[in-house]
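Working notes for the structure below.
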Protein chains: 2
Amino acid sequence: MSGDSDTLFRILADPTRRQILDLLAERGPLTVGQLAAEFPDLVTSGISKHLMSLRAAGLVCATRRGRQQIYQLESDAFVAALSPWIAKYERYWSTALERLRVLAEEEPTKDQRKSAKDVRQRRPK
Amino acid sequence: MSGDSDTLFRILADPTRRQILDLLAERGPLTVGQLAAEFPDLVTSGISKHLMSLRAAGLVCATRRGRQQIYQLESDAFVAALSPWIAKYERYWSTALERLRVLAEEEPTKDQRKSAKDVRQRRPK
DNA sequence: GTAATATATTACTATACGGTAATGCTTTGG
DNA sequence: CCAAAGCATTACCGTATAGTAATATATTAC
């Protein structure tokens, strides 16, 4: 059932791992050293451990070149792993699916969100 | 940066919280007791704590009716919180976005993906 | 009024997990 | 061959957190 979602979301829970996925997604295949260079506060072996987790989850794959490993996003598996979960909320997404492209073309750095708290549903007595 | 994604994915990391979101998404507003009834292995106060977390994250909201609280999905905030992250992988999704609807229109409950043409009558040996 | 129901809160425990340091294993370079 | 580079693996530690039990608070029922 959701047995696979468990590992997926456990993997995605860590910000370092998410950032690794981000880097691989936007910059293509990278070695462990190149990835570790993006995390000055972390030790290389820590990055390696994260990469092993991502690899075990099938979200990335690696090919050796000499003494270095080149990691890259397993985009198909990545999408395939998340799609079923997202599909469960399809009716909520559907209105936003078109906005997704718009949102991607606007600057994604700024994070201004309007408060959705004011839409309080009132219950008829 | 990704400061808000951190809390979001930390919330989604727990399978119980994800299931709560699922229930609210597919069955509409529910009370704490109704939700707790879906988790026989857990104590009600545990569910209440999860609901507090979800509430603090803005993913659900609650309205009181007498002595019971009715929780419901904050679908707008939910979509708004996830969209920026999903948008980062937009080019990987784009090929799958159309498949999302197809995937949602197939029965999402059953997870048998074997071809139905081989299902013929079983013959005892 | 009192008792029972429905939820929230607190204190506590156990486990999981991210991080580091140390070590090991290949591969490249001299 | 020897040393260094690049990465993986192990052992260990600190902390975050999911779970429970107990208690608290508010509302309905009697």
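Ligands are numbered from 1 in the order shown, chains are lettered A, B, ... in the order of the structure tokens, and residues start at 1 in each chain.
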Residues of chain A within 6 Å of chain B, only C-alpha atoms counted, as a compact mmCIF listing (two decimals) with C-alpha atoms, in the first residue's frame:
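out.txt written:
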# COMPACT_ATOMS: atom_id res chain seq x y z
CA PHE A 9 9.00 10.45 2.36
CA ARG A 10 11.53 9.41 4.96
CA ALA A 13 12.41 14.48 5.00
CA ALA A 87 -2.54 11.47 -7.70
CA ALA A 104 7.81 27.73 -12.54
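Residues with any atom within 12 Å of D:DG19, counting only C-alpha atoms (C1' of nucleotides) and excluding same-chain neighbours fewer than 2 positions away, are Thr16, Asp41, Leu42, Val43, Thr44, Ser45, Gly46, Ile47, Lys49 and His50 of chain B; DC12, DT13, DA14 and DT15 of chain C; DT17 and DA21 of chain D.
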Deliver the residues from the most recent selection as a file, using N, CA and C atoms (P, O5', C5', C4', C3', O3' and C1' of nucleotides), as a compact mmCIF listing (two decimals), in the first residue's frame.
# COMPACT_ATOMS: atom_id res chain seq x y z
N THR B 16 1.53 8.20 9.65
CA THR B 16 0.23 8.46 10.27
C THR B 16 -0.31 9.81 9.82
N ASP B 41 -4.30 0.97 16.37
CA ASP B 41 -3.08 0.71 17.13
C ASP B 41 -2.60 1.94 17.88
N LEU B 42 -3.24 3.05 17.65
CA LEU B 42 -2.77 4.29 18.27
C LEU B 42 -3.79 4.82 19.26
N VAL B 43 -3.28 5.55 20.19
CA VAL B 43 -4.12 6.17 21.22
C VAL B 43 -4.64 7.50 20.71
N THR B 44 -5.79 7.88 21.19
CA THR B 44 -6.43 9.10 20.67
C THR B 44 -5.57 10.33 20.87
N SER B 45 -4.90 10.41 22.00
CA SER B 45 -4.10 11.60 22.25
C SER B 45 -2.95 11.70 21.25
N GLY B 46 -2.50 10.57 20.80
CA GLY B 46 -1.47 10.59 19.76
C GLY B 46 -1.97 11.20 18.48
N ILE B 47 -3.19 10.84 18.10
CA ILE B 47 -3.81 11.44 16.92
C ILE B 47 -3.97 12.94 17.12
N LYS B 49 -2.18 14.86 18.90
CA LYS B 49 -0.89 15.52 18.74
C LYS B 49 -0.51 15.68 17.28
N HIS B 50 -0.77 14.65 16.50
CA HIS B 50 -0.50 14.75 15.07
C HIS B 50 -1.33 15.86 14.44
P DC C 12 8.84 14.08 34.18
O5' DC C 12 9.01 12.71 33.35
C5' DC C 12 8.14 11.63 33.60
C4' DC C 12 8.22 10.62 32.47
C3' DC C 12 9.65 10.23 32.06
O3' DC C 12 9.96 8.94 32.57
C1' DC C 12 8.17 10.47 30.19
P DT C 13 11.44 8.34 32.23
O5' DT C 13 11.21 7.40 30.96
C5' DT C 13 10.05 6.58 30.87
C4' DT C 13 10.04 5.85 29.53
C3' DT C 13 11.41 5.33 29.09
O3' DT C 13 11.30 4.01 28.61
C1' DT C 13 10.48 6.70 27.41
P DA C 14 12.64 3.16 28.37
O5' DA C 14 12.54 2.79 26.83
C5' DA C 14 11.26 2.53 26.25
C4' DA C 14 11.36 2.64 24.73
C3' DA C 14 12.66 2.08 24.14
O3' DA C 14 12.36 1.36 22.96
C1' DA C 14 12.41 4.35 23.53
P DT C 15 13.42 0.38 22.30
O5' DT C 15 13.40 0.81 20.77
C5' DT C 15 12.22 1.42 20.25
C4' DT C 15 12.59 2.50 19.25
C3' DT C 15 13.78 2.16 18.35
O3' DT C 15 13.31 2.12 17.02
C1' DT C 15 13.90 4.40 19.14
P DT D 17 11.85 17.07 15.40
O5' DT D 17 11.02 15.73 15.62
C5' DT D 17 11.51 14.52 15.06
C4' DT D 17 10.76 13.33 15.63
C3' DT D 17 9.31 13.63 16.05
O3' DT D 17 8.51 12.52 15.74
C1' DT D 17 10.44 12.67 17.83
P DA D 21 -0.78 3.05 27.36
O5' DA D 21 -0.54 3.98 28.64
C5' DA D 21 0.71 3.93 29.33
C4' DA D 21 0.72 4.95 30.44
C3' DA D 21 -0.59 5.07 31.22
O3' DA D 21 -0.31 5.25 32.60
C1' DA D 21 -0.05 7.16 30.25
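Pairwise distance (atom CA of B:Ile20, atom CA of B:Leu35) equals 7.1 Å.
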>> With only C-alpha atoms (C1' of nucleotides) considered, list every residue of chain A at most 8 Å from chain D, as a list in words.
In response: Val32, Gly33, Ser45, Ser48, Arg67, Gln68 and Gln69 of chain A
> Could you write out as a list of chain:residue names the residues of chain C within 10 Å of chain A, counting only C-alpha atoms (C1' of nucleotides)?
Replying inline: C:DC17, C:DG18, C:DG19, C:DT20, C:DA21, C:DT26, C:DT27, C:DT28
> Which residues in stretch 6-114 of chain A does DSSP call strand (DSSP E)? List them as a VMD selection string.
Replying inline: chain A and resid 30 to 31 60 to 65 68 to 73
Save the residues we just selected, N, CA and C atoms, as a PDB file, in the first residue's frame?
ATOM      1  N   LEU A  30      26.810  14.555 -11.138  1.00  0.00           N
ATOM      2  CA  LEU A  30      27.870  15.156 -10.330  1.00  0.00           C
ATOM      3  C   LEU A  30      28.588  14.062  -9.537  1.00  0.00           C
ATOM      4  N   THR A  31      29.846  14.313  -9.263  1.00  0.00           N
ATOM      5  CA  THR A  31      30.594  13.371  -8.439  1.00  0.00           C
ATOM      6  C   THR A  31      30.314  13.647  -6.967  1.00  0.00           C
ATOM      7  N   VAL A  60      18.473   7.900  -7.108  1.00  0.00           N
ATOM      8  CA  VAL A  60      19.670   8.254  -7.878  1.00  0.00           C
ATOM      9  C   VAL A  60      20.377   6.976  -8.283  1.00  0.00           C
ATOM     10  N   CYS A  61      21.246   7.081  -9.274  1.00  0.00           N
ATOM     11  CA  CYS A  61      22.085   5.957  -9.642  1.00  0.00           C
ATOM     12  C   CYS A  61      23.493   6.490  -9.857  1.00  0.00           C
ATOM     13  N   ALA A  62      24.457   5.595  -9.875  1.00  0.00           N
ATOM     14  CA  ALA A  62      25.847   6.022  -9.947  1.00  0.00           C
ATOM     15  C   ALA A  62      26.611   5.166 -10.938  1.00  0.00           C
ATOM     16  N   THR A  63      27.563   5.790 -11.622  1.00  0.00           N
ATOM     17  CA  THR A  63      28.467   5.065 -12.502  1.00  0.00           C
ATOM     18  C   THR A  63      29.896   5.450 -12.122  1.00  0.00           C
ATOM     19  N   ARG A  64      30.757   4.472 -12.121  1.00  0.00           N
ATOM     20  CA  ARG A  64      32.142   4.747 -11.753  1.00  0.00           C
ATOM     21  C   ARG A  64      32.893   5.337 -12.934  1.00  0.00           C
ATOM     22  N   ARG A  65      33.755   6.294 -12.625  1.00  0.00           N
ATOM     23  CA  ARG A  65      34.750   6.704 -13.609  1.00  0.00           C
ATOM     24  C   ARG A  65      36.068   6.820 -12.861  1.00  0.00           C
ATOM     25  N   GLN A  68      36.268   7.833  -9.024  1.00  0.00           N
ATOM     26  CA  GLN A  68      35.150   8.655  -8.572  1.00  0.00           C
ATOM     27  C   GLN A  68      33.823   8.138  -9.126  1.00  0.00           C
ATOM     28  N   GLN A  69      32.814   8.356  -8.333  1.00  0.00           N
ATOM     29  CA  GLN A  69      31.468   7.930  -8.705  1.00  0.00           C
ATOM     30  C   GLN A  69      30.683   9.132  -9.189  1.00  0.00           C
ATOM     31  N   ILE A  70      30.008   8.931 -10.290  1.00  0.00           N
ATOM     32  CA  ILE A  70      29.178  10.000 -10.840  1.00  0.00           C
ATOM     33  C   ILE A  70      27.722   9.669 -10.566  1.00  0.00           C
ATOM     34  N   TYR A  71      27.115  10.518  -9.783  1.00  0.00           N
ATOM     35  CA  TYR A  71      25.720  10.296  -9.416  1.00  0.00           C
ATOM     36  C   TYR A  71      24.805  11.112 -10.316  1.00  0.00           C
ATOM     37  N   GLN A  72      23.681  10.524 -10.617  1.00  0.00           N
ATOM     38  CA  GLN A  72      22.683  11.294 -11.353  1.00  0.00           C
ATOM     39  C   GLN A  72      21.277  10.888 -10.922  1.00  0.00           C
ATOM     40  N   LEU A  73      20.382  11.796 -11.178  1.00  0.00           N
ATOM     41  CA  LEU A  73      18.993  11.587 -10.773  1.00  0.00           C
ATOM     42  C   LEU A  73      18.368  10.476 -11.602  1.00  0.00           C
TER      43      LEU A  73
END
> Could you work out how far atom C1' of C:DA3 lies from atom CA of B:Ala36, giving the answer in Å with one decimal?
Replying inline: 23.6 Å
